[in-house]
Amino acid sequence: MRLTLVEVRRLLWRRLPTLAVLAALLVALMALFGVHQQAQQIAQARAGADRDLQAAIEDWEANGESYVEECRRGQEDERRATGDGSIDWGCDEMQAPSPEDWYGQMPGIGEQYTELLAVVVYPLLLLALAVGSTGVAAEFSHRTMGSFLTFVPRRVPVFVAKLVAAAVMSVPIVAVCLLVLALGIPAVYRLTGSDPGILADGVTPTFWMSVRILGLGLAAGAFGAAAAFVLRHSAVVIGIMVGYVAVVEGILGSLLPDLTRYLLGRNLEAVVRDGTEWATYVDCESTTGCRELIHQLSLGQGLVTVSALLLLVVGLGLLRFVRSDID
Amino acid sequence: MTVPHVVAEGPAVTTRGLRKTYRTVRGRRVAVHGLDMDVPSGGVHGFLGPNGSGKTTTIRMLLGLVRPDAGEMQIFGTPVPRQLPQVVDRVGAIVESPKFFPSFTGARNLALLAQAIGTPVGRVGEVLDEVGLAARGRDTFRSYSLGMKQRLAIAATLLKSPDLLIFDEPTNGLDPAGIHEIRQTMRRLADAGRTVLVSSHILSEVEQIADTVTIIGRGRVLAQGTVAGLIGGGGETVEVGVRHPGAAARLLRDAGFTVDWMPRPQGGDAAEALARADDSAGPEAGLLTVTGAQPAEITRLLAGQGLWVERLVPSRRGLEQIFLELTGDDALPSSLGEGEGAA
């Protein structure tokens, strides 16, 4: 515990965690700016289109029934011509034009929050990873690790303390972003006069999504620190991560769709969104066109994959630190 | 604040058969080759050897930073690195150059170390004061001069009030004033009852402060013992310039003195070279060095045989000369006096 506090203090005294928190703040503010722009565009569209909408509503009131009737006649003609009685043009669902049909509408606050979180989580994790890896790598590059070990020679507690401290340092990075979004989105809605909507399932899913992102932040910090114990240089750690995203997630993922379920990106998405699904297309050579295959990845599977990767890197880091000579 | 220390009897450090091999792209390189070393408790012990002789590797092994391939080590009778945590509080060390976080202040760097070992942070101010850095404690480490960095490293070692201080090349890169300062600090620490193990290849400074020394070369102990024993064992040396060096050398050797030739022949024996020497060669062909004789005795002996001395310079063999002799040939000459030893 004492060593962990020392490590947390050391990381707090470094400049990078502060810069990372500022960067997380910037990410959150940029996301809010995007929300604000979206709301303004909709408000502008509404201002110009209100008269047209009114005219469309009046037209529907005057001629709606004949439109429905015309639709049904066309549907009947099509059924007779093809001999397929199941053809459904959706005539019975025809309704008067609504604002959301006409110029779109802002999603509810809860939906907005979760959609934004699903996007900003990746830069947040990268920041947490960078703070964790540089915190440890700096000790190797400045060669202070050896000096420290002459004071505290037990390497396993030192390793654990540095990992825990790196994980803890991710909390302010993630928390500042979550907080700014949680407070900022309602403020933007109020500012732009947007409809806040309702939280269909209450606040619970949003809350748990935030908790999962906080957990992933902790894991990213520890992962960064452990990777630095393995590779000794933060530039190498971050370089490998960027290379992985570009080559494995980007190129291999698109060339080998079956591999997707094992990739980090998809598993992270499953953890963030409480499970995820995606489509692939097969049998595209047939005359009826491609067949859509829906794949699903549960939260549990995502957690297992992410945890396994974390444990692997932590194990390698511990092994290298305990067994190797220190400069 | 200097607290007198009472250190237990017995050696502060012992190593037996210590061995370390590094794997390099060119194959294996033996850094430490069966090192047997004893560092007595109390006083300053010089750990001498040329660059690359294995001094730093030995120190790193003692501190648990480098894993030995074979051998045993003890610090105050405690086997290390196995039980290093039990004795680490009694050991303060600076390995090579002082290493701290450059963007942190000196005080902050020490505070982290103090907190890590459970020492009250108030002790930081005391040790900074002890090494004369109290006024610069709030400056960043990167703004320190090399001498100040060394003093900060010494302050760090004092956070533990250690019985054994290990300094690896502590005066590297320091100006004369800095060297003097560090030398005084080491002497003061030893006088306070602590054991100071200082590795260096600057012999003159070690000679001034060390009570005992170990000289190593190519990872092996070449000699160890008291400084007085090593220097005194060689006796006084006199440089003699004479017109017939071969005849003069035979005459002096017959009289029981140790005679050498300067410069010493490379890869050969000085006595054989002298025997082959052309007696008509002048003193410019080389000087004789005669050990164990007074200048007057040499003059009288040579003049009695009609060999006229053209140059006569008495000199005392220093640690540097012994070191060069030992590490130059990587062998222990038989002329060393008490306290000598070899691995």
# chains A, B, ... in the order shown; residues from 1 in each chain; ligands from 1
$ select_by_dssp --residues "stretch 77-297 of chain A" --states "strand (DSSP E or B)" --output "list in words"
Thr276, Glu277, Trp278, Ala279, Thr280, Tyr281, Val282, Arg291, Glu292, Leu293, Ile294, His295, Gln296 and Leu297 of chain A
$ write_last_selection --atoms "N, CA and C atoms" --output "tab-separated table (two decimals), in the first residue's frame"
chain	number	residue	atom	x	y	z
A	276	THR	N	-22.35	-6.64	-28.65
A	276	THR	CA	-22.41	-5.93	-29.92
A	276	THR	C	-22.78	-6.90	-31.03
A	277	GLU	N	-23.20	-6.36	-32.13
A	277	GLU	CA	-23.45	-7.22	-33.28
A	277	GLU	C	-23.05	-6.49	-34.55
A	278	TRP	N	-22.73	-7.29	-35.59
A	278	TRP	CA	-22.33	-6.71	-36.86
A	278	TRP	C	-22.70	-7.68	-37.97
A	279	ALA	N	-22.73	-7.16	-39.15
A	279	ALA	CA	-23.19	-7.99	-40.28
A	279	ALA	C	-22.05	-8.26	-41.24
A	280	THR	N	-22.07	-9.46	-41.81
A	280	THR	CA	-21.18	-9.75	-42.95
A	280	THR	C	-22.07	-10.26	-44.07
A	281	TYR	N	-21.57	-10.20	-45.27
A	281	TYR	CA	-22.39	-10.56	-46.43
A	281	TYR	C	-21.75	-11.74	-47.15
A	282	VAL	N	-22.58	-12.76	-47.40
A	282	VAL	CA	-22.07	-13.98	-48.05
A	282	VAL	C	-22.93	-14.30	-49.27
A	291	ARG	N	-26.35	-12.47	-49.06
A	291	ARG	CA	-27.11	-12.87	-47.88
A	291	ARG	C	-26.45	-12.24	-46.66
A	292	GLU	N	-27.23	-11.64	-45.82
A	292	GLU	CA	-26.69	-10.94	-44.64
A	292	GLU	C	-26.58	-11.90	-43.46
A	293	LEU	N	-25.38	-11.93	-42.86
A	293	LEU	CA	-25.19	-12.76	-41.67
A	293	LEU	C	-24.95	-11.84	-40.48
A	294	ILE	N	-25.73	-12.01	-39.46
A	294	ILE	CA	-25.56	-11.18	-38.26
A	294	ILE	C	-24.71	-11.95	-37.24
A	295	HIS	N	-23.62	-11.32	-36.76
A	295	HIS	CA	-22.76	-11.93	-35.74
A	295	HIS	C	-22.96	-11.19	-34.44
A	296	GLN	N	-22.89	-11.92	-33.35
A	296	GLN	CA	-23.07	-11.28	-32.04
A	296	GLN	C	-21.89	-11.62	-31.13
A	297	LEU	N	-21.55	-10.66	-30.32
A	297	LEU	CA	-20.49	-10.87	-29.32
A	297	LEU	C	-21.04	-10.34	-28.00
$ select_by_dssp --residues "stretch 31-103 of chain B" --states "alpha helix (DSSP H)" --output "MDAnalysis selection string"
chainID B and resid 55:62 84:87
$ write_last_selection --atoms "C-alpha atoms" --output "PDB file, in the first residue's frame"
ATOM      1  CA  LYS B  55      33.683  -3.370 -10.767  1.00  0.00           C
ATOM      2  CA  THR B  56      30.236  -2.063 -11.608  1.00  0.00           C
ATOM      3  CA  THR B  57      28.912  -5.528 -12.395  1.00  0.00           C
ATOM      4  CA  THR B  58      30.137  -6.741  -9.002  1.00  0.00           C
ATOM      5  CA  ILE B  59      28.445  -3.821  -7.265  1.00  0.00           C
ATOM      6  CA  ARG B  60      25.245  -4.403  -9.224  1.00  0.00           C
ATOM      7  CA  MET B  61      25.287  -8.052  -8.193  1.00  0.00           C
ATOM      8  CA  LEU B  62      25.712  -7.071  -4.559  1.00  0.00           C
ATOM      9  CA  LEU B  84      18.904  -8.698   0.463  1.00  0.00           C
ATOM     10  CA  PRO B  85      15.619  -7.209   1.731  1.00  0.00           C
ATOM     11  CA  GLN B  86      16.733  -8.073   5.270  1.00  0.00           C
ATOM     12  CA  VAL B  87      19.936  -6.079   4.997  1.00  0.00           C
TER      13      VAL B  87
END
$ closest_atom_pairs --of "chain B" --to "chain A" --cutoff "10 Å" --atoms "only C-alpha atoms" --output "CSV"
residue,atom,partner,partner_atom,distance
B:Arg60,CA,A:Ile326,CA,8.6
B:Met61,CA,A:Asp325,CA,9.2
B:Leu62,CA,A:Thr150,CA,9.9
B:Leu63,CA,A:Thr150,CA,6.2
B:Gly64,CA,A:Pro153,CA,7.0
B:Leu65,CA,A:Ile326,CA,5.2
B:Val66,CA,A:Asp325,CA,4.6
B:Arg67,CA,A:Asp325,CA,6.4
B:Pro68,CA,A:Asp325,CA,9.7
B:Pro81,CA,A:Pro153,CA,8.9
B:Gln83,CA,A:Pro153,CA,9.8
B:Leu84,CA,A:Pro153,CA,7.1
B:Pro85,CA,A:Pro153,CA,6.0
B:Gln86,CA,A:Pro153,CA,9.8
B:Val88,CA,A:Phe151,CA,6.8
B:Asp89,CA,A:Phe151,CA,7.4
B:Arg90,CA,A:Phe151,CA,10.0
B:Val91,CA,A:Thr150,CA,8.2
B:Gly92,CA,A:Thr150,CA,7.5
B:Ala93,CA,A:Thr150,CA,6.9
B:Ile94,CA,A:Ser147,CA,7.4
B:Val95,CA,A:Ser147,CA,7.6
B:Glu96,CA,A:Asp327,CA,9.9
B:Ser97,CA,A:Arg143,CA,9.8
B:Pro98,CA,A:Ser147,CA,8.3
B:Lys99,CA,A:Thr144,CA,5.2
B:Phe100,CA,A:Thr144,CA,5.6
B:Phe101,CA,A:His142,CA,6.7
B:Pro102,CA,A:His142,CA,8.1
B:Ser103,CA,A:Arg14,CA,7.9
B:Phe104,CA,A:Trp13,CA,7.7
B:Arg108,CA,A:Arg10,CA,9.0
B:Asn109,CA,A:Arg10,CA,9.0
B:Ala111,CA,A:Val6,CA,9.2
B:Leu112,CA,A:Val6,CA,6.2
B:Leu113,CA,A:Phe148,CA,7.1
B:Ala114,CA,A:Phe151,CA,9.0
B:Gln115,CA,A:Val6,CA,6.4
B:Ala116,CA,A:Leu3,CA,5.6
B:Ile117,CA,A:Phe151,CA,6.8
B:Gly118,CA,A:Arg2,CA,8.0
B:Ala153,CA,A:Ser147,CA,9.4
B:Ala156,CA,A:Phe151,CA,9.5
B:Thr157,CA,A:Phe151,CA,8.8
B:Leu159,CA,A:Phe151,CA,9.7
B:Lys160,CA,A:Phe151,CA,8.6
$ write_last_selection --atoms "N, CA and C atoms" --output "compact mmCIF listing (two decimals), in the first residue's frame"
# COMPACT_ATOMS: atom_id res chain seq x y z
N ARG B 60 26.64 -4.15 -8.85
CA ARG B 60 25.25 -4.40 -9.22
C ARG B 60 24.77 -5.76 -8.71
N MET B 61 25.68 -6.73 -8.72
CA MET B 61 25.29 -8.05 -8.19
C MET B 61 25.04 -7.97 -6.69
N LEU B 62 25.89 -7.22 -6.01
CA LEU B 62 25.71 -7.07 -4.56
C LEU B 62 24.37 -6.43 -4.24
N LEU B 63 23.94 -5.53 -5.10
CA LEU B 63 22.71 -4.78 -4.84
C LEU B 63 21.47 -5.46 -5.42
N GLY B 64 21.66 -6.64 -6.01
CA GLY B 64 20.52 -7.38 -6.53
C GLY B 64 20.01 -6.88 -7.86
N LEU B 65 20.77 -6.01 -8.51
CA LEU B 65 20.31 -5.49 -9.80
C LEU B 65 20.70 -6.41 -10.95
N VAL B 66 21.77 -7.16 -10.74
CA VAL B 66 22.25 -8.09 -11.76
C VAL B 66 22.34 -9.47 -11.12
N ARG B 67 21.88 -10.46 -11.86
CA ARG B 67 21.84 -11.82 -11.32
C ARG B 67 23.17 -12.52 -11.59
N PRO B 68 23.87 -13.00 -10.55
CA PRO B 68 25.14 -13.70 -10.81
C PRO B 68 24.89 -15.08 -11.42
N PRO B 81 21.81 -12.17 -3.24
CA PRO B 81 20.60 -11.35 -3.17
C PRO B 81 19.42 -12.02 -2.47
N GLN B 83 18.64 -12.84 0.56
CA GLN B 83 18.09 -12.16 1.75
C GLN B 83 18.41 -10.67 1.75
N LEU B 84 18.58 -10.13 0.56
CA LEU B 84 18.90 -8.70 0.46
C LEU B 84 17.88 -7.80 1.17
N PRO B 85 16.58 -8.08 1.04
CA PRO B 85 15.62 -7.21 1.73
C PRO B 85 15.87 -7.09 3.23
N GLN B 86 16.49 -8.14 3.82
CA GLN B 86 16.73 -8.07 5.27
C GLN B 86 17.85 -7.10 5.63
N VAL B 88 19.00 -4.58 3.31
CA VAL B 88 19.08 -3.42 2.41
C VAL B 88 19.01 -2.10 3.16
N ASP B 89 18.36 -2.10 4.31
CA ASP B 89 18.28 -0.85 5.08
C ASP B 89 19.64 -0.40 5.60
N ARG B 90 20.60 -1.33 5.61
CA ARG B 90 21.94 -0.98 6.10
C ARG B 90 22.89 -0.61 4.96
N VAL B 91 22.35 -0.60 3.74
CA VAL B 91 23.21 -0.36 2.58
C VAL B 91 22.70 0.85 1.79
N GLY B 92 23.59 1.79 1.55
CA GLY B 92 23.27 2.90 0.65
C GLY B 92 24.21 2.82 -0.53
N ALA B 93 23.69 3.07 -1.72
CA ALA B 93 24.54 2.87 -2.89
C ALA B 93 24.27 3.90 -3.97
N ILE B 94 25.34 4.28 -4.64
CA ILE B 94 25.23 5.06 -5.87
C ILE B 94 25.94 4.24 -6.94
N VAL B 95 25.17 3.78 -7.91
CA VAL B 95 25.77 2.97 -8.97
C VAL B 95 25.97 3.86 -10.19
N GLU B 96 27.22 3.98 -10.61
CA GLU B 96 27.61 4.87 -11.72
C GLU B 96 27.11 6.29 -11.42
N SER B 97 26.56 6.95 -12.45
CA SER B 97 26.17 8.35 -12.22
C SER B 97 24.85 8.41 -11.44
N PRO B 98 24.64 9.52 -10.71
CA PRO B 98 23.40 9.63 -9.94
C PRO B 98 22.19 9.66 -10.87
N LYS B 99 21.16 8.92 -10.52
CA LYS B 99 20.00 8.85 -11.41
C LYS B 99 18.72 9.24 -10.65
N PHE B 100 18.18 10.36 -11.06
CA PHE B 100 16.93 10.84 -10.47
C PHE B 100 16.03 11.37 -11.59
N PHE B 101 14.79 11.69 -11.24
CA PHE B 101 13.90 12.23 -12.26
C PHE B 101 14.29 13.69 -12.52
N PRO B 102 14.64 14.00 -13.76
CA PRO B 102 15.19 15.33 -14.03
C PRO B 102 14.21 16.47 -13.79
N SER B 103 12.90 16.22 -13.97
CA SER B 103 11.95 17.34 -13.82
C SER B 103 11.49 17.53 -12.37
N PHE B 104 11.87 16.62 -11.48
CA PHE B 104 11.52 16.77 -10.07
C PHE B 104 12.62 17.55 -9.35
N ARG B 108 12.10 16.63 -3.85
CA ARG B 108 10.99 15.75 -4.24
C ARG B 108 11.52 14.35 -4.58
N ASN B 109 12.64 14.31 -5.26
CA ASN B 109 13.25 13.00 -5.57
C ASN B 109 13.55 12.24 -4.29
N ALA B 111 12.17 12.76 -1.36
CA ALA B 111 10.92 12.49 -0.63
C ALA B 111 10.29 11.17 -1.10
N LEU B 112 10.34 10.93 -2.41
CA LEU B 112 9.79 9.68 -2.94
C LEU B 112 10.52 8.48 -2.35
N LEU B 113 11.85 8.57 -2.32
CA LEU B 113 12.64 7.46 -1.79
C LEU B 113 12.38 7.28 -0.29
N ALA B 114 12.28 8.42 0.42
CA ALA B 114 12.03 8.35 1.86
C ALA B 114 10.69 7.67 2.14
N GLN B 115 9.68 8.07 1.38
CA GLN B 115 8.35 7.47 1.58
C GLN B 115 8.36 5.98 1.23
N ALA B 116 9.14 5.63 0.24
CA ALA B 116 9.18 4.22 -0.18
C ALA B 116 9.74 3.32 0.91
N ILE B 117 10.65 3.86 1.72
CA ILE B 117 11.25 3.03 2.76
C ILE B 117 10.70 3.37 4.15
N GLY B 118 9.68 4.22 4.16
CA GLY B 118 9.03 4.53 5.44
C GLY B 118 9.82 5.46 6.33
N ALA B 153 22.90 12.35 -4.60
CA ALA B 153 22.92 10.88 -4.54
C ALA B 153 23.44 10.42 -3.17
N ALA B 156 20.76 10.81 -0.75
CA ALA B 156 19.77 9.73 -0.86
C ALA B 156 20.22 8.50 -0.08
N THR B 157 21.51 8.21 -0.18
CA THR B 157 22.00 7.02 0.56
C THR B 157 21.89 7.23 2.07
N LEU B 159 19.53 8.65 3.63
CA LEU B 159 18.15 8.57 4.13
C LEU B 159 17.96 7.35 5.02
N LYS B 160 18.77 6.32 4.75
CA LYS B 160 18.61 5.07 5.50
C LYS B 160 19.53 4.97 6.71
$ residues_around --residues "A:Leu179" --least-positions-apart "2" --cutoff "12 Å" --atoms "only C-alpha atoms" --output "PyMOL selection string"
chain A and resi 24-25+28-29+32+113+117+171-177+181-186+207+210+214
$ closest_residue --among "A:Ala130, A:Ala308, A:Ala161, A:Val248" --to "A:Thr260" --atoms "only C-alpha atoms"
A:Val248
$ atom_distance --atom1 "atom CA of A:Leu231" --atom2 "atom CA of A:Asn267"
24.2 Å
$ residues_around --residues "A:Arg266" --least-positions-apart "3" --cutoff "9 Å" --atoms "only C-alpha atoms" --output "list in words"
Glu249, Thr260, Arg261, Tyr262, Leu263, Glu269, Ala270, Val271, Thr276, Leu297 and Gly302 of chain A
